[in-house]
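Data file: final-v6.cif. Format and content: mmCIF, C-alpha atoms.
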data_work
loop_
_atom_site.group_PDB
_atom_site.id
_atom_site.type_symbol
_atom_site.label_atom_id
_atom_site.label_comp_id
_atom_site.auth_asym_id
_atom_site.auth_seq_id
_atom_site.Cartn_x
_atom_site.Cartn_y
_atom_site.Cartn_z
ATOM 1 C CA MET A 1 -119.509 156.673 -125.489
ATOM 2 C CA LYS A 2 -116.151 158.441 -125.416
ATOM 3 C CA ILE A 3 -113.419 156.262 -126.936
ATOM 4 C CA ALA A 4 -109.742 157.148 -127.295
ATOM 5 C CA ALA A 5 -107.353 155.239 -129.530
ATOM 6 C CA VAL A 6 -103.930 155.481 -127.848
ATOM 7 C CA VAL A 7 -101.116 155.026 -130.371
ATOM 8 C CA VAL A 8 -97.460 155.013 -129.319
ATOM 9 C CA THR A 9 -94.980 155.992 -132.017
ATOM 10 C CA TYR A 10 -91.253 156.526 -132.406
ATOM 11 C CA ASN A 11 -89.580 157.530 -135.688
ATOM 12 C CA ARG A 12 -92.067 155.715 -137.927
ATOM 13 C CA CYS A 13 -94.005 158.627 -139.346
ATOM 14 C CA ASP A 14 -94.974 156.792 -142.550
ATOM 15 C CA MET A 15 -96.453 153.934 -140.531
ATOM 16 C CA LEU A 16 -98.200 156.345 -138.176
ATOM 17 C CA LYS A 17 -99.878 158.111 -141.097
ATOM 18 C CA GLN A 18 -101.378 154.837 -142.321
ATOM 19 C CA CYS A 19 -102.453 153.892 -138.803
ATOM 20 C CA ILE A 20 -104.228 157.212 -138.261
ATOM 21 C CA GLU A 21 -105.964 156.942 -141.632
ATOM 22 C CA LYS A 22 -107.325 153.537 -140.580
ATOM 23 C CA LEU A 23 -108.420 154.888 -137.201
ATOM 24 C CA LEU A 24 -110.246 157.843 -138.743
ATOM 25 C CA ALA A 25 -112.111 155.422 -141.030
ATOM 26 C CA GLN A 26 -113.529 153.285 -138.204
ATOM 27 C CA THR A 27 -117.262 152.605 -138.331
ATOM 28 C CA VAL A 28 -117.411 153.525 -134.639
ATOM 29 C CA PRO A 29 -115.759 156.931 -134.255
ATOM 30 C CA CYS A 30 -112.962 157.480 -131.772
ATOM 31 C CA ASP A 31 -110.591 160.236 -130.816
ATOM 32 C CA ILE A 32 -106.913 159.542 -131.376
ATOM 33 C CA LEU A 33 -104.127 160.266 -128.889
ATOM 34 C CA ALA A 34 -100.729 159.843 -130.531
ATOM 35 C CA VAL A 35 -97.938 159.481 -127.971
ATOM 36 C CA ASP A 36 -94.788 160.700 -129.727
ATOM 37 C CA ASN A 37 -91.736 159.242 -127.990
ATOM 38 C CA ALA A 38 -89.500 162.194 -128.928
ATOM 39 C CA SER A 39 -89.339 161.243 -132.612
ATOM 40 C CA THR A 40 -86.808 163.007 -134.850
ATOM 41 C CA ASP A 41 -88.278 162.100 -138.251
ATOM 42 C CA GLY A 42 -90.920 164.798 -138.648
ATOM 43 C CA THR A 43 -93.621 163.038 -136.632
ATOM 44 C CA ALA A 44 -94.291 166.090 -134.446
ATOM 45 C CA GLU A 45 -94.595 168.344 -137.495
ATOM 46 C CA TYR A 46 -96.959 165.881 -139.196
ATOM 47 C CA LEU A 47 -99.224 165.673 -136.148
ATOM 48 C CA SER A 48 -99.272 169.420 -135.500
ATOM 49 C CA GLY A 49 -100.099 170.132 -139.146
ATOM 50 C CA LEU A 50 -102.775 167.467 -139.498
ATOM 51 C CA GLY A 51 -105.634 169.816 -138.725
ATOM 52 C CA GLU A 52 -107.903 166.990 -137.566
ATOM 53 C CA ARG A 53 -109.829 167.827 -134.391
ATOM 54 C CA ARG A 54 -110.096 164.153 -133.432
ATOM 55 C CA VAL A 55 -106.302 163.754 -133.334
ATOM 56 C CA SER A 56 -104.175 165.053 -130.469
ATOM 57 C CA CYS A 57 -100.516 164.535 -129.627
ATOM 58 C CA LEU A 58 -98.750 163.866 -126.348
ATOM 59 C CA ARG A 59 -95.117 164.716 -127.028
ATOM 60 C CA MET A 60 -92.607 163.058 -124.692
ATOM 61 C CA SER A 61 -89.388 164.886 -123.819
ATOM 62 C CA GLU A 62 -87.370 161.712 -124.367
ATOM 63 C CA ASN A 63 -87.845 158.212 -125.733
ATOM 64 C CA THR A 64 -89.464 156.274 -122.892
ATOM 65 C CA GLY A 65 -89.931 153.080 -124.905
ATOM 66 C CA GLY A 66 -93.225 151.385 -125.585
ATOM 67 C CA ALA A 67 -93.824 150.864 -121.861
ATOM 68 C CA GLY A 68 -93.340 154.529 -121.000
ATOM 69 C CA GLY A 69 -95.398 155.624 -123.978
ATOM 70 C CA PHE A 70 -98.383 153.445 -123.121
ATOM 71 C CA TYR A 71 -98.095 154.411 -119.451
ATOM 72 C CA ALA A 72 -98.323 158.101 -120.383
ATOM 73 C CA GLY A 73 -101.029 157.618 -123.017
ATOM 74 C CA ILE A 74 -103.284 155.483 -120.829
ATOM 75 C CA ARG A 75 -102.901 157.873 -117.934
ATOM 76 C CA LYS A 76 -103.700 160.904 -120.109
ATOM 77 C CA ALA A 77 -106.776 159.296 -121.700
ATOM 78 C CA PHE A 78 -108.025 158.188 -118.293
ATOM 79 C CA GLU A 79 -107.566 161.686 -116.865
ATOM 80 C CA ASP A 80 -109.465 163.140 -119.822
ATOM 81 C CA GLY A 81 -112.513 161.045 -118.999
ATOM 82 C CA TYR A 82 -112.597 158.528 -121.843
ATOM 83 C CA GLU A 83 -114.759 155.497 -121.126
ATOM 84 C CA LEU A 84 -112.878 153.089 -123.404
ATOM 85 C CA LEU A 85 -109.189 153.106 -124.329
ATOM 86 C CA TRP A 86 -108.049 151.325 -127.500
ATOM 87 C CA LEU A 87 -104.301 150.599 -127.463
ATOM 88 C CA LEU A 88 -102.346 150.189 -130.704
ATOM 89 C CA ASP A 89 -98.784 150.266 -132.025
ATOM 90 C CA ASP A 90 -98.068 152.701 -134.840
ATOM 91 C CA ASP A 91 -97.659 149.854 -137.361
ATOM 92 C CA THR A 92 -101.108 148.436 -136.589
ATOM 93 C CA PHE A 93 -103.700 148.831 -139.352
ATOM 94 C CA PRO A 94 -107.204 147.897 -138.157
ATOM 95 C CA GLU A 95 -109.976 146.833 -140.493
ATOM 96 C CA ASN A 96 -112.710 149.457 -140.668
ATOM 97 C CA ASP A 97 -114.986 147.593 -138.265
ATOM 98 C CA ALA A 98 -112.283 146.393 -135.833
ATOM 99 C CA LEU A 99 -113.318 148.815 -133.100
ATOM 100 C CA GLU A 100 -117.016 148.212 -133.736
ATOM 101 C CA ARG A 101 -116.527 144.465 -133.210
ATOM 102 C CA LEU A 102 -114.693 145.065 -129.942
ATOM 103 C CA VAL A 103 -117.417 147.401 -128.684
ATOM 104 C CA GLU A 104 -120.129 144.923 -129.679
ATOM 105 C CA ALA A 105 -118.301 142.153 -127.843
ATOM 106 C CA GLY A 106 -118.036 144.317 -124.757
ATOM 107 C CA ASN A 107 -121.737 145.147 -124.915
ATOM 108 C CA SER A 108 -122.598 141.455 -125.218
ATOM 109 C CA LEU A 109 -120.720 140.912 -121.956
ATOM 110 C CA ASN A 110 -122.586 143.817 -120.320
ATOM 111 C CA GLY A 111 -119.236 145.435 -119.695
ATOM 112 C CA ASN A 112 -118.125 142.595 -117.436
ATOM 113 C CA TYR A 113 -114.587 142.134 -118.746
ATOM 114 C CA GLY A 114 -111.091 143.343 -117.980
ATOM 115 C CA TRP A 115 -109.874 143.749 -121.561
ATOM 116 C CA LEU A 116 -110.625 142.632 -125.112
ATOM 117 C CA SER A 117 -107.989 141.787 -127.722
ATOM 118 C CA SER A 118 -108.260 141.669 -131.516
ATOM 119 C CA LYS A 119 -107.033 138.977 -133.877
ATOM 120 C CA ALA A 120 -103.734 140.257 -135.295
ATOM 121 C CA LEU A 121 -102.709 139.142 -138.780
ATOM 122 C CA TRP A 122 -99.448 139.695 -140.596
ATOM 123 C CA THR A 123 -99.283 141.310 -144.014
ATOM 124 C CA ASP A 124 -99.688 137.949 -145.774
ATOM 125 C CA GLY A 125 -102.981 137.251 -144.010
ATOM 126 C CA GLY A 126 -101.586 134.682 -141.593
ATOM 127 C CA ILE A 127 -101.566 135.017 -137.821
ATOM 128 C CA CYS A 128 -98.948 137.476 -136.580
ATOM 129 C CA ARG A 129 -96.709 135.365 -134.363
ATOM 130 C CA MET A 130 -95.680 138.290 -132.160
ATOM 131 C CA ASN A 131 -99.253 138.941 -131.064
ATOM 132 C CA VAL A 132 -100.656 135.502 -130.260
ATOM 133 C CA GLN A 133 -102.646 135.674 -127.034
ATOM 134 C CA ARG A 134 -102.073 133.208 -124.209
ATOM 135 C CA ILE A 135 -104.713 131.104 -122.508
ATOM 136 C CA THR A 136 -102.360 130.421 -119.587
ATOM 137 C CA PRO A 137 -99.076 132.186 -118.785
ATOM 138 C CA TYR A 138 -97.317 129.283 -120.538
ATOM 139 C CA LYS A 139 -99.665 128.254 -123.351
ATOM 140 C CA ASP A 140 -100.471 130.121 -126.572
ATOM 141 C CA LEU A 141 -103.948 130.394 -128.012
ATOM 142 C CA LYS A 142 -104.314 127.937 -130.913
ATOM 143 C CA GLU A 143 -107.810 128.637 -132.266
ATOM 144 C CA PHE A 144 -108.446 132.110 -133.713
ATOM 145 C CA ASP A 145 -111.934 131.787 -135.204
ATOM 146 C CA GLY A 146 -115.452 131.259 -133.905
ATOM 147 C CA GLU A 147 -116.603 132.484 -130.503
ATOM 148 C CA MET A 148 -114.699 134.767 -128.168
ATOM 149 C CA LYS A 149 -111.776 133.042 -126.429
ATOM 150 C CA VAL A 150 -110.945 133.467 -122.758
ATOM 151 C CA CYS A 151 -107.302 134.574 -122.497
ATOM 152 C CA CYS A 152 -104.973 135.736 -119.758
ATOM 153 C CA MET A 153 -102.289 137.628 -121.691
ATOM 154 C CA ALA A 154 -102.274 139.750 -124.850
ATOM 155 C CA SER A 155 -100.202 142.402 -126.590
ATOM 156 C CA PHE A 156 -100.976 146.093 -126.958
ATOM 157 C CA VAL A 157 -101.589 145.550 -130.680
ATOM 158 C CA SER A 158 -105.314 146.363 -130.488
ATOM 159 C CA LEU A 159 -106.366 146.000 -126.876
ATOM 160 C CA LEU A 160 -109.611 147.564 -125.609
ATOM 161 C CA LEU A 161 -109.590 148.716 -121.973
ATOM 162 C CA PRO A 162 -112.562 150.041 -120.030
ATOM 163 C CA ALA A 163 -111.677 153.057 -117.903
ATOM 164 C CA GLU A 164 -112.793 150.998 -114.897
ATOM 165 C CA THR A 165 -109.947 148.550 -115.571
ATOM 166 C CA VAL A 166 -107.454 151.406 -115.457
ATOM 167 C CA ARG A 167 -109.015 152.776 -112.277
ATOM 168 C CA LYS A 168 -108.784 149.404 -110.529
ATOM 169 C CA TYR A 169 -105.476 148.062 -111.852
ATOM 170 C CA GLY A 170 -103.491 151.136 -112.795
ATOM 171 C CA CYS A 171 -101.162 151.595 -115.756
ATOM 172 C CA PRO A 172 -98.360 149.547 -117.346
ATOM 173 C CA VAL A 173 -94.961 149.503 -115.648
ATOM 174 C CA LYS A 174 -93.117 152.343 -117.357
ATOM 175 C CA ASP A 175 -89.720 151.145 -116.051
ATOM 176 C CA PHE A 176 -89.946 148.097 -118.326
ATOM 177 C CA PHE A 177 -89.030 150.416 -121.255
ATOM 178 C CA ILE A 178 -89.685 147.720 -123.891
ATOM 179 C CA TRP A 179 -90.919 144.120 -123.936
ATOM 180 C CA SER A 180 -93.299 142.312 -121.582
ATOM 181 C CA ASP A 181 -95.066 145.483 -120.430
ATOM 182 C CA ASP A 182 -98.188 144.292 -122.256
ATOM 183 C CA TRP A 183 -97.895 140.720 -120.899
ATOM 184 C CA GLU A 184 -97.449 142.016 -117.359
ATOM 185 C CA TYR A 185 -100.343 144.443 -117.554
ATOM 186 C CA THR A 186 -102.843 142.087 -119.159
ATOM 187 C CA ARG A 187 -101.861 139.338 -116.711
ATOM 188 C CA ARG A 188 -102.271 141.750 -113.811
ATOM 189 C CA VAL A 189 -105.853 142.355 -114.939
ATOM 190 C CA SER A 190 -106.745 138.763 -115.882
ATOM 191 C CA ARG A 191 -105.899 137.553 -112.370
ATOM 192 C CA HIS A 192 -109.137 139.227 -111.297
ATOM 193 C CA GLU A 193 -111.299 139.729 -114.407
ATOM 194 C CA GLN A 194 -112.374 137.636 -117.387
ATOM 195 C CA CYS A 195 -110.602 138.767 -120.558
ATOM 196 C CA PHE A 196 -111.176 137.735 -124.163
ATOM 197 C CA MET A 197 -109.833 137.585 -127.701
ATOM 198 C CA VAL A 198 -112.474 138.705 -130.210
ATOM 199 C CA PRO A 199 -111.943 136.791 -133.494
ATOM 200 C CA ASP A 200 -113.997 139.070 -135.741
ATOM 201 C CA SER A 201 -112.072 142.188 -134.688
ATOM 202 C CA ILE A 202 -109.132 142.070 -137.085
ATOM 203 C CA VAL A 203 -106.008 144.184 -137.436
ATOM 204 C CA ILE A 204 -102.896 143.914 -139.585
ATOM 205 C CA HIS A 205 -99.605 144.220 -137.746
ATOM 206 C CA ALA A 206 -97.201 145.379 -140.450
ATOM 207 C CA MET A 207 -93.959 144.117 -138.945
ATOM 208 C CA LYS A 208 -91.019 143.691 -141.299
ATOM 209 C CA ARG A 209 -90.946 139.952 -140.596
ATOM 210 C CA ASN A 210 -93.468 137.617 -139.049
ATOM 211 C CA THR A 211 -91.216 136.510 -136.203
ATOM 212 C CA VAL A 212 -91.052 136.500 -132.438
ATOM 213 C CA ALA A 213 -88.146 137.985 -130.501
ATOM 214 C CA ASP A 214 -85.257 135.516 -130.763
ATOM 215 C CA ILE A 215 -81.823 136.345 -129.371
ATOM 216 C CA ALA A 216 -80.364 133.339 -131.192
ATOM 217 C CA GLU A 217 -81.296 134.735 -134.601
ATOM 218 C CA ASP A 218 -81.413 138.521 -134.205
ATOM 219 C CA SER A 219 -78.813 140.911 -135.606
ATOM 220 C CA PRO A 220 -75.845 141.974 -133.430
ATOM 221 C CA ASP A 221 -76.980 145.593 -133.218
ATOM 222 C CA ARG A 222 -80.247 144.541 -131.571
ATOM 223 C CA LEU A 223 -78.703 142.337 -128.864
ATOM 224 C CA PRO A 224 -78.473 144.980 -126.089
ATOM 225 C CA ARG A 225 -82.249 145.491 -126.030
ATOM 226 C CA TYR A 226 -82.753 141.843 -125.024
ATOM 227 C CA ARG A 227 -81.594 142.777 -121.532
ATOM 228 C CA TYR A 228 -85.065 144.267 -121.015
ATOM 229 C CA LEU A 229 -86.797 141.099 -122.189
ATOM 230 C CA TYR A 230 -84.992 138.751 -119.798
ATOM 231 C CA ARG A 231 -85.172 141.168 -116.863
ATOM 232 C CA ASN A 232 -88.861 141.995 -117.351
ATOM 233 C CA ASP A 233 -89.853 138.365 -117.803
ATOM 234 C CA VAL A 234 -88.440 137.544 -114.368
ATOM 235 C CA TYR A 235 -90.552 140.311 -112.797
ATOM 236 C CA LEU A 236 -93.620 138.948 -114.592
ATOM 237 C CA TYR A 237 -93.211 135.231 -113.927
ATOM 238 C CA ARG A 238 -91.814 135.352 -110.407
ATOM 239 C CA ARG A 239 -95.333 136.348 -109.340
ATOM 240 C CA GLU A 240 -96.602 132.991 -110.615
ATOM 241 C CA GLY A 241 -94.858 131.179 -107.764
ATOM 242 C CA ILE A 242 -92.704 128.064 -108.059
ATOM 243 C CA ILE A 243 -94.152 127.142 -111.455
ATOM 244 C CA GLY A 244 -93.160 130.566 -112.756
ATOM 245 C CA TRP A 245 -89.593 130.176 -111.495
ATOM 246 C CA VAL A 246 -89.283 126.702 -113.058
ATOM 247 C CA TRP A 247 -90.634 128.016 -116.352
ATOM 248 C CA LEU A 248 -88.199 130.958 -116.328
ATOM 249 C CA ILE A 249 -85.145 128.772 -115.740
ATOM 250 C CA MET A 250 -86.199 126.249 -118.369
ATOM 251 C CA LYS A 251 -86.901 129.032 -120.879
ATOM 252 C CA ASP A 252 -83.567 130.744 -120.359
ATOM 253 C CA CYS A 253 -81.698 127.431 -120.520
ATOM 254 C CA TRP A 254 -83.457 126.655 -123.803
ATOM 255 C CA HIS A 255 -82.594 130.091 -125.186
ATOM 256 C CA SER A 256 -78.968 129.582 -124.146
ATOM 257 C CA PHE A 257 -78.905 126.242 -125.952
ATOM 258 C CA LYS A 258 -80.278 127.912 -129.084
ATOM 259 C CA VAL A 259 -77.614 130.609 -128.878
ATOM 260 C CA LEU A 260 -74.864 127.968 -128.649
ATOM 261 C CA THR A 261 -76.222 125.862 -131.520
ATOM 262 C CA ARG A 262 -77.689 128.444 -133.893
ATOM 263 C CA ARG A 263 -76.049 131.811 -133.367
ATOM 264 C CA ARG A 264 -73.056 132.414 -135.636
ATOM 265 C CA THR A 265 -71.554 135.459 -133.876
ATOM 266 C CA ASP A 266 -71.538 137.138 -130.455
ATOM 267 C CA ARG A 267 -72.467 133.960 -128.592
ATOM 268 C CA ARG A 268 -70.772 135.015 -125.359
ATOM 269 C CA ALA A 269 -72.425 138.431 -125.483
ATOM 270 C CA ALA A 270 -75.845 136.861 -126.022
ATOM 271 C CA LEU A 271 -75.363 134.425 -123.125
ATOM 272 C CA ARG A 272 -74.254 137.266 -120.838
ATOM 273 C CA ILE A 273 -77.382 139.222 -121.750
ATOM 274 C CA ILE A 274 -79.680 136.279 -120.975
ATOM 275 C CA TRP A 275 -78.243 135.530 -117.567
ATOM 276 C CA SER A 276 -77.388 139.077 -116.476
ATOM 277 C CA GLY A 277 -80.963 139.997 -117.375
ATOM 278 C CA PHE A 278 -82.178 137.076 -115.285
ATOM 279 C CA ARG A 279 -80.073 138.162 -112.285
ATOM 280 C CA GLU A 280 -81.228 141.757 -112.616
ATOM 281 C CA GLY A 281 -84.842 140.616 -112.781
ATOM 282 C CA VAL A 282 -84.573 138.762 -109.467
ATOM 283 C CA LYS A 283 -84.001 142.082 -107.683
ATOM 284 C CA PHE A 284 -85.924 144.325 -110.086
ATOM 285 C CA LEU A 285 -88.411 146.498 -108.171
ATOM 286 C CA PRO A 286 -89.945 148.950 -110.657
ATOM 287 C CA ALA A 287 -92.443 151.599 -109.696
ATOM 288 C CA ALA A 288 -95.480 149.501 -110.625
ATOM 289 C CA GLU A 289 -98.526 151.632 -111.376
ATOM 290 C CA THR A 290 -101.147 149.621 -109.505
ATOM 291 C CA GLY A 291 -104.021 150.358 -107.215
ATOM 292 C CA GLU A 292 -107.023 152.634 -107.427
ATOM 293 C CA LEU A 293 -106.767 155.668 -109.720
ATOM 294 C CA ASP A 294 -109.146 158.599 -109.529
ATOM 295 C CA LYS A 295 -109.553 161.050 -112.386
ATOM 296 C CA GLY A 296 -107.903 164.302 -111.446
ATOM 297 C CA LYS A 297 -105.789 162.654 -108.735
ATOM 298 C CA VAL A 298 -103.342 160.562 -110.772
#
Let me see the structure of the file written as structure tokens.
Amino acid sequence: MKIAAVVVTYNRCDMLKQCIEKLLAQTVPCDILAVDNASTDGTAEYLSGLGERRVSCLRMSENTGGAGGFYAGIRKAFEDGYELLWLLDDDTFPENDALERLVEAGNSLNGNYGWLSSKALWTDGGICRMNVQRITPYKDLKEFDGEMKVCCMASFVSLLLPAETVRKYGCPVKDFFIWSDDWEYTRRVSRHEQCFMVPDSIVIHAMKRNTVADIAEDSPDRLPRYRYLYRNDVYLYRREGIIGWVWLIMKDCWHSFKVLTRRRTDRRAALRIIWSGFREGVKFLPAAETGELDKGKV
């Protein structure tokens, strides 16, 4: 079975090196497609000088964000005829049998699944808060051990996709740039297919801090990127109907309250980002990559 690990990276060469080492050590072998989002830290030189036949590089001409990187990587791997695509961030370090456990889970389901997601831990061994799967669009998974768990949304930190899923449901929305591209894509699939978290497939997500995105607590220099979060969330949840709209408004009101009560600086700027992102999302019509894809015709 041809398996490609698709890893998106941008200016984190040291992390990427560790990730690739972990991927090359998997008990089930896979090829590795590193999508370099126009890094300037020597990533391209590292990849070109690696001399490992199982590792290839897709070099982007500009930084297209995580969404653009995964769009390009998934499309390339699909075109190249891989049967399974394993999506990972460059700071994801899988245990040696992480891929094997995903493949075994898929075999136990006779291939009847849309995607499979690993259990993501932080560096201290606890659950990584950024990568908790959801069992409904509004409710996080709470139990991470035992049997496989049916889920509807997951991150791209260790997600296994059959090529058939890509053929039927397309690629992530590259216009998202960052944030919610993984939620949107996995939700797009789970509307039609059963999808699962596999507890015994374990990866470490080596984030600096075990936190979720929080505009009320984040540093001033990171505020502008939150525009993508609030805009993209509207695109995602407006498809859930009236419940989605109610959830969006309640969420953004709650985030505004947190900004007013917890944020020490740039409160007005943060509030403008929340609600301008919301307004932009109402009219946001990205070029969604959906529908049937045929190898050689995408």
Here's the selection I'm unsure about, the PyMOL selection byres ((chain A and resi 14) around 10); applied to the file above, which residues does it give, as a VMD selection string? chain A and resid 11 to 13 15 to 19 41 to 43 46 90 to 91
Expected selection from the PyMOL selection byres ((chain A and resi 33) around 8), given as a ChimeraX atom specification: /A:4-7,31-32,34-35,55-58,73,77
Quick one: write out the picked residues with C-alpha atoms as a PDB file, keeping the file's coordinate frame?
ATOM      1  CA  ALA A   4    -109.742 157.148-127.295  1.00  0.00           C
ATOM      2  CA  ALA A   5    -107.353 155.239-129.530  1.00  0.00           C
ATOM      3  CA  VAL A   6    -103.930 155.481-127.848  1.00  0.00           C
ATOM      4  CA  VAL A   7    -101.116 155.026-130.371  1.00  0.00           C
ATOM      5  CA  ASP A  31    -110.591 160.236-130.816  1.00  0.00           C
ATOM      6  CA  ILE A  32    -106.913 159.542-131.376  1.00  0.00           C
ATOM      7  CA  ALA A  34    -100.729 159.843-130.531  1.00  0.00           C
ATOM      8  CA  VAL A  35     -97.938 159.481-127.971  1.00  0.00           C
ATOM      9  CA  VAL A  55    -106.302 163.754-133.334  1.00  0.00           C
ATOM     10  CA  SER A  56    -104.175 165.053-130.469  1.00  0.00           C
ATOM     11  CA  CYS A  57    -100.516 164.535-129.627  1.00  0.00           C
ATOM     12  CA  LEU A  58     -98.750 163.866-126.348  1.00  0.00           C
ATOM     13  CA  GLY A  73    -101.029 157.618-123.017  1.00  0.00           C
ATOM     14  CA  ALA A  77    -106.776 159.296-121.700  1.00  0.00           C
TER      15      ALA A  77
END
Would you kindly translate the PyMOL selection byres ((chain A and resi 178) around 6) into the concrete residues it picks from this file, as a PyMOL selection string? chain A and resi 65-67+176-177+179
In Å, rounded to a single decimal, give me how far atom CA of Glu104 of chain A is from atom CA of Cys152 of chain A. 20.3 Å
Could you tell me, as a list in words, which residues have any atom at most 12 Å from (-80.0, 129.7, -137.9), counting only C-alpha atoms?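 Result, sorted by chain then residue number: Asp214, Ile215, Ala216, Glu217, Asp218, Ser219, Lys258, Val259, Leu260, Thr261, Arg262, Arg263, Arg264 and Thr265 of chain A.
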With N, CA and C atoms as the target, complete segment 57-78 of chain A and hand it back as a compact mmCIF listing (two decimals), keeping the file's coordinate frame.
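The new file selection19.txt reads:
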# COMPACT_ATOMS: atom_id res chain seq x y z
N CYS A 57 -101.86 165.09 -129.79
CA CYS A 57 -100.52 164.54 -129.63
C CYS A 57 -100.02 164.79 -128.21
N LEU A 58 -99.46 163.75 -127.62
CA LEU A 58 -98.75 163.87 -126.35
C LEU A 58 -97.28 163.67 -126.67
N ARG A 59 -96.52 164.74 -126.66
CA ARG A 59 -95.12 164.72 -127.03
C ARG A 59 -94.27 164.47 -125.78
N MET A 60 -93.50 163.38 -125.80
CA MET A 60 -92.61 163.06 -124.69
C MET A 60 -91.29 163.81 -124.87
N SER A 61 -90.65 164.14 -123.76
CA SER A 61 -89.39 164.89 -123.82
C SER A 61 -88.21 163.99 -124.18
N GLU A 62 -88.39 162.68 -124.00
CA GLU A 62 -87.37 161.71 -124.37
C GLU A 62 -88.05 160.41 -124.73
N ASN A 63 -87.28 159.51 -125.36
CA ASN A 63 -87.84 158.21 -125.73
C ASN A 63 -87.97 157.35 -124.49
N THR A 64 -89.21 157.07 -124.09
CA THR A 64 -89.46 156.27 -122.89
C THR A 64 -89.81 154.83 -123.23
N GLY A 65 -89.61 154.44 -124.50
CA GLY A 65 -89.93 153.08 -124.90
C GLY A 65 -91.44 152.88 -125.00
N GLY A 66 -91.81 151.69 -125.48
CA GLY A 66 -93.22 151.38 -125.58
C GLY A 66 -93.91 151.42 -124.24
N ALA A 67 -93.23 150.91 -123.20
CA ALA A 67 -93.82 150.86 -121.86
C ALA A 67 -94.11 152.27 -121.34
N GLY A 68 -93.14 153.16 -121.46
CA GLY A 68 -93.34 154.53 -121.00
C GLY A 68 -94.39 155.26 -121.81
N GLY A 69 -94.41 154.98 -123.12
CA GLY A 69 -95.40 155.62 -123.98
C GLY A 69 -96.82 155.21 -123.64
N PHE A 70 -97.04 153.91 -123.45
CA PHE A 70 -98.38 153.44 -123.12
C PHE A 70 -98.77 153.88 -121.70
N TYR A 71 -97.82 153.89 -120.79
CA TYR A 71 -98.10 154.41 -119.45
C TYR A 71 -98.64 155.84 -119.55
N ALA A 72 -97.93 156.69 -120.28
CA ALA A 72 -98.32 158.10 -120.38
C ALA A 72 -99.64 158.27 -121.13
N GLY A 73 -99.81 157.49 -122.22
CA GLY A 73 -101.03 157.62 -123.02
C GLY A 73 -102.26 157.14 -122.28
N ILE A 74 -102.16 156.01 -121.60
CA ILE A 74 -103.28 155.48 -120.83
C ILE A 74 -103.64 156.45 -119.71
N ARG A 75 -102.65 156.95 -119.05
CA ARG A 75 -102.90 157.87 -117.93
C ARG A 75 -103.59 159.14 -118.43
N LYS A 76 -103.12 159.69 -119.54
CA LYS A 76 -103.70 160.90 -120.11
C LYS A 76 -105.14 160.67 -120.53
N ALA A 77 -105.42 159.58 -121.24
CA ALA A 77 -106.78 159.30 -121.70
C ALA A 77 -107.71 159.07 -120.52
N PHE A 78 -107.22 158.41 -119.49
CA PHE A 78 -108.02 158.19 -118.29
C PHE A 78 -108.35 159.52 -117.62
